[in-house]
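Undergrad: Quick one: structure below, then a few questions.
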Amino acid sequence: MMDPNNPTAKPLPRITPDNRPFWEACRRHELMLPWCDPCDRPHWPPGPVCPFCFGGAIAWRRASGRGRISSWVVVHKDWLPAFRPDLPYNAVQVELEEGVRLTGNVVGAPNSALRVGLPVEVVFDDVTPDATLPRFTPRAEG
């Protein structure tokens with residue numbers, strides 16, 4: 001969520017009842033996904049019912065944190081003043097081993113290393129005392 005009083009502050013996640021378990025797990029440096037108990041499938045984004053079977057028995061389970069880049073872009077324009085110091089920065093979509101796709105960014109590698117299919121794993125960035133963001137870093141094949 002953007003801070004209207006500080007346009008140079010980066011936005012922080014908007015916490016809702018549906019996504020609160022995800023963000024609380026990130027603060028513990030764990031990646032959790034909502035799973036439907038009846039059909040045994042994870043889904044994203046979180047919601048009160050399963051998007052596959054519409055079941056309401058949702059449980060949060062630890063995810064592997066491993067996946068592959070399915071899409072990416074490098075941003076060169078300063079659309080938001082808060083991100084100006086990071087230019088050029090990347091935004092990636094990662095398909096996790098569990099099948100869901102998360103959006104984030106890759107750290108620990110130059111933007112020129114990004115490619116569809118690049119294996120990555122989650123790392124956590126404690127951006128404030130109350131907010132931890134999942135990011136991704138390249139990992140060895142396998």
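By order of appearance in the structure tokens: chains A, B, ..., then residues from 1 within every chain, and ligands from 1 in the order shown.
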Set out as a Markdown table a contact list for segment 46-117 of chain A and segment 10-25 of chain A with a cut-off of 10 Å, giving each residue of segment 46-117 of chain A that qualifies its closest atom pair and distance in Å to one decimal, counting only C-alpha atoms, ordered by chain and rising residue number.
TA:
```
| residue | atom | partner | partner_atom | distance |
| --- | --- | --- | --- | --- |
| A:Pro46 | CA | A:Asp18 | CA | 5.7 |
| A:Gly47 | CA | A:Asp18 | CA | 5.3 |
| A:Pro48 | CA | A:Asp18 | CA | 6.4 |
| A:Val49 | CA | A:Asp18 | CA | 9.8 |
| A:Ala59 | CA | A:Pro21 | CA | 9.9 |
| A:Trp60 | CA | A:Pro21 | CA | 7.4 |
| A:Arg61 | CA | A:Phe22 | CA | 9.8 |
| A:Arg62 | CA | A:Ala25 | CA | 8.9 |
| A:Leu80 | CA | A:Lys10 | CA | 8.6 |
| A:Pro81 | CA | A:Lys10 | CA | 8.6 |
| A:Ala82 | CA | A:Lys10 | CA | 5.2 |
| A:Phe83 | CA | A:Lys10 | CA | 7.0 |
```
Undergrad: Write out as a PDB file with N, CA and C atoms, in the first residue's frame each polymer residue whose atoms come within 10 Å of Val92 of chain A, counting only C-alpha atoms; drop sequence neighbours fewer than 5 positions from it.
TA:
```
ATOM      1  N   ARG A  68      10.581 -21.933 -11.367  1.00  0.00           N
ATOM      2  CA  ARG A  68      11.249 -21.449 -12.578  1.00  0.00           C
ATOM      3  C   ARG A  68      10.554 -20.179 -13.060  1.00  0.00           C
ATOM      4  N   ILE A  69      11.353 -19.282 -13.613  1.00  0.00           N
ATOM      5  CA  ILE A  69      10.784 -18.054 -14.166  1.00  0.00           C
ATOM      6  C   ILE A  69       9.910 -18.434 -15.360  1.00  0.00           C
ATOM      7  N   SER A  70       8.656 -17.968 -15.338  1.00  0.00           N
ATOM      8  CA  SER A  70       7.757 -18.206 -16.470  1.00  0.00           C
ATOM      9  C   SER A  70       7.577 -16.949 -17.318  1.00  0.00           C
ATOM     10  N   SER A  71       7.886 -15.798 -16.742  1.00  0.00           N
ATOM     11  CA  SER A  71       7.808 -14.533 -17.465  1.00  0.00           C
ATOM     12  C   SER A  71       8.615 -13.499 -16.697  1.00  0.00           C
ATOM     13  N   TRP A  72       9.134 -12.489 -17.408  1.00  0.00           N
ATOM     14  CA  TRP A  72       9.898 -11.449 -16.723  1.00  0.00           C
ATOM     15  C   TRP A  72       9.948 -10.195 -17.580  1.00  0.00           C
ATOM     16  N   VAL A  73      10.270  -9.091 -16.925  1.00  0.00           N
ATOM     17  CA  VAL A  73      10.448  -7.815 -17.596  1.00  0.00           C
ATOM     18  C   VAL A  73      11.483  -7.026 -16.805  1.00  0.00           C
ATOM     19  N   VAL A  74      12.236  -6.193 -17.501  1.00  0.00           N
ATOM     20  CA  VAL A  74      13.144  -5.258 -16.845  1.00  0.00           C
ATOM     21  C   VAL A  74      12.559  -3.865 -17.040  1.00  0.00           C
ATOM     22  N   ARG A 101       1.745 -19.631  -9.442  1.00  0.00           N
ATOM     23  CA  ARG A 101       2.685 -18.608  -9.904  1.00  0.00           C
ATOM     24  C   ARG A 101       2.650 -17.412  -8.970  1.00  0.00           C
ATOM     25  N   LEU A 102       3.848 -16.993  -8.551  1.00  0.00           N
ATOM     26  CA  LEU A 102       3.992 -15.809  -7.706  1.00  0.00           C
ATOM     27  C   LEU A 102       4.749 -14.745  -8.490  1.00  0.00           C
ATOM     28  N   THR A 103       4.422 -13.500  -8.236  1.00  0.00           N
ATOM     29  CA  THR A 103       5.124 -12.379  -8.846  1.00  0.00           C
ATOM     30  C   THR A 103       6.079 -11.795  -7.814  1.00  0.00           C
ATOM     31  N   GLY A 104       7.267 -11.465  -8.261  1.00  0.00           N
ATOM     32  CA  GLY A 104       8.269 -10.881  -7.375  1.00  0.00           C
ATOM     33  C   GLY A 104       9.413 -10.319  -8.201  1.00  0.00           C
ATOM     34  N   ASN A 105      10.599 -10.429  -7.664  1.00  0.00           N
ATOM     35  CA  ASN A 105      11.772 -10.019  -8.433  1.00  0.00           C
ATOM     36  C   ASN A 105      12.941 -10.917  -8.062  1.00  0.00           C
ATOM     37  N   VAL A 106      13.931 -10.911  -8.939  1.00  0.00           N
ATOM     38  CA  VAL A 106      15.133 -11.715  -8.736  1.00  0.00           C
ATOM     39  C   VAL A 106      16.228 -10.816  -8.191  1.00  0.00           C
ATOM     40  N   LEU A 114      18.464 -13.128 -16.589  1.00  0.00           N
ATOM     41  CA  LEU A 114      17.088 -13.604 -16.540  1.00  0.00           C
ATOM     42  C   LEU A 114      16.694 -14.268 -17.849  1.00  0.00           C
ATOM     43  N   ARG A 115      15.919 -15.356 -17.722  1.00  0.00           N
ATOM     44  CA  ARG A 115      15.378 -16.049 -18.896  1.00  0.00           C
ATOM     45  C   ARG A 115      14.215 -16.917 -18.446  1.00  0.00           C
ATOM     46  N   VAL A 116      13.322 -17.165 -19.369  1.00  0.00           N
ATOM     47  CA  VAL A 116      12.235 -18.095 -19.082  1.00  0.00           C
ATOM     48  C   VAL A 116      12.849 -19.463 -18.810  1.00  0.00           C
ATOM     49  N   ARG A 135      11.423 -12.777  -2.323  1.00  0.00           N
ATOM     50  CA  ARG A 135      12.123 -12.483  -3.567  1.00  0.00           C
ATOM     51  C   ARG A 135      12.700 -13.794  -4.051  1.00  0.00           C
ATOM     52  N   PHE A 136      13.360 -13.777  -5.185  1.00  0.00           N
ATOM     53  CA  PHE A 136      13.905 -15.019  -5.720  1.00  0.00           C
ATOM     54  C   PHE A 136      15.353 -14.822  -6.104  1.00  0.00           C
TER      55      PHE A 136
END
```
Undergrad: One number please: atom CA of Glu98 of chain A to atom CA of Pro129 of chain A, in Å, one decimal.
TA: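 Pair atom CA of Glu98 of chain A / atom CA of Pro129 of chain A returns 29.1 Å.
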Undergrad: Kindly give the distance, in Å, that separates atom CA of Leu96 of chain A and atom CA of Trp79 of chain A, rounded to a single decimal.
TA: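 Taking atom CA of Leu96 of chain A and atom CA of Trp79 of chain A, their separation equals 28.3 Å.
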Undergrad: Could you tell me how far atom CA of Leu31 of chain A lies from atom CA of Gly65 of chain A, in Å and to one decimal?
TA: 6.3 Å
Undergrad: Would you mind telling me which residue in A:Asp78, A:Glu30, A:Glu121, A:Asp86 lies nearest to Glu141 of chain A when using only C-alpha atoms?
TA: A:Glu121
Undergrad: Please determine, counting only C-alpha atoms, which residue among A:Ile58, A:Ala91, A:Ala140, A:Val107 has the shortest atom-to-atom distance to Asp125 of chain A.
TA: A:Val107
Undergrad: I need the residues of chain A that end up classed as helix (DSSP H, G or I) by DSSP on the backbone, written out as a PyMOL selection string.
TA: chain A and resi 20-27+81-86+111-113
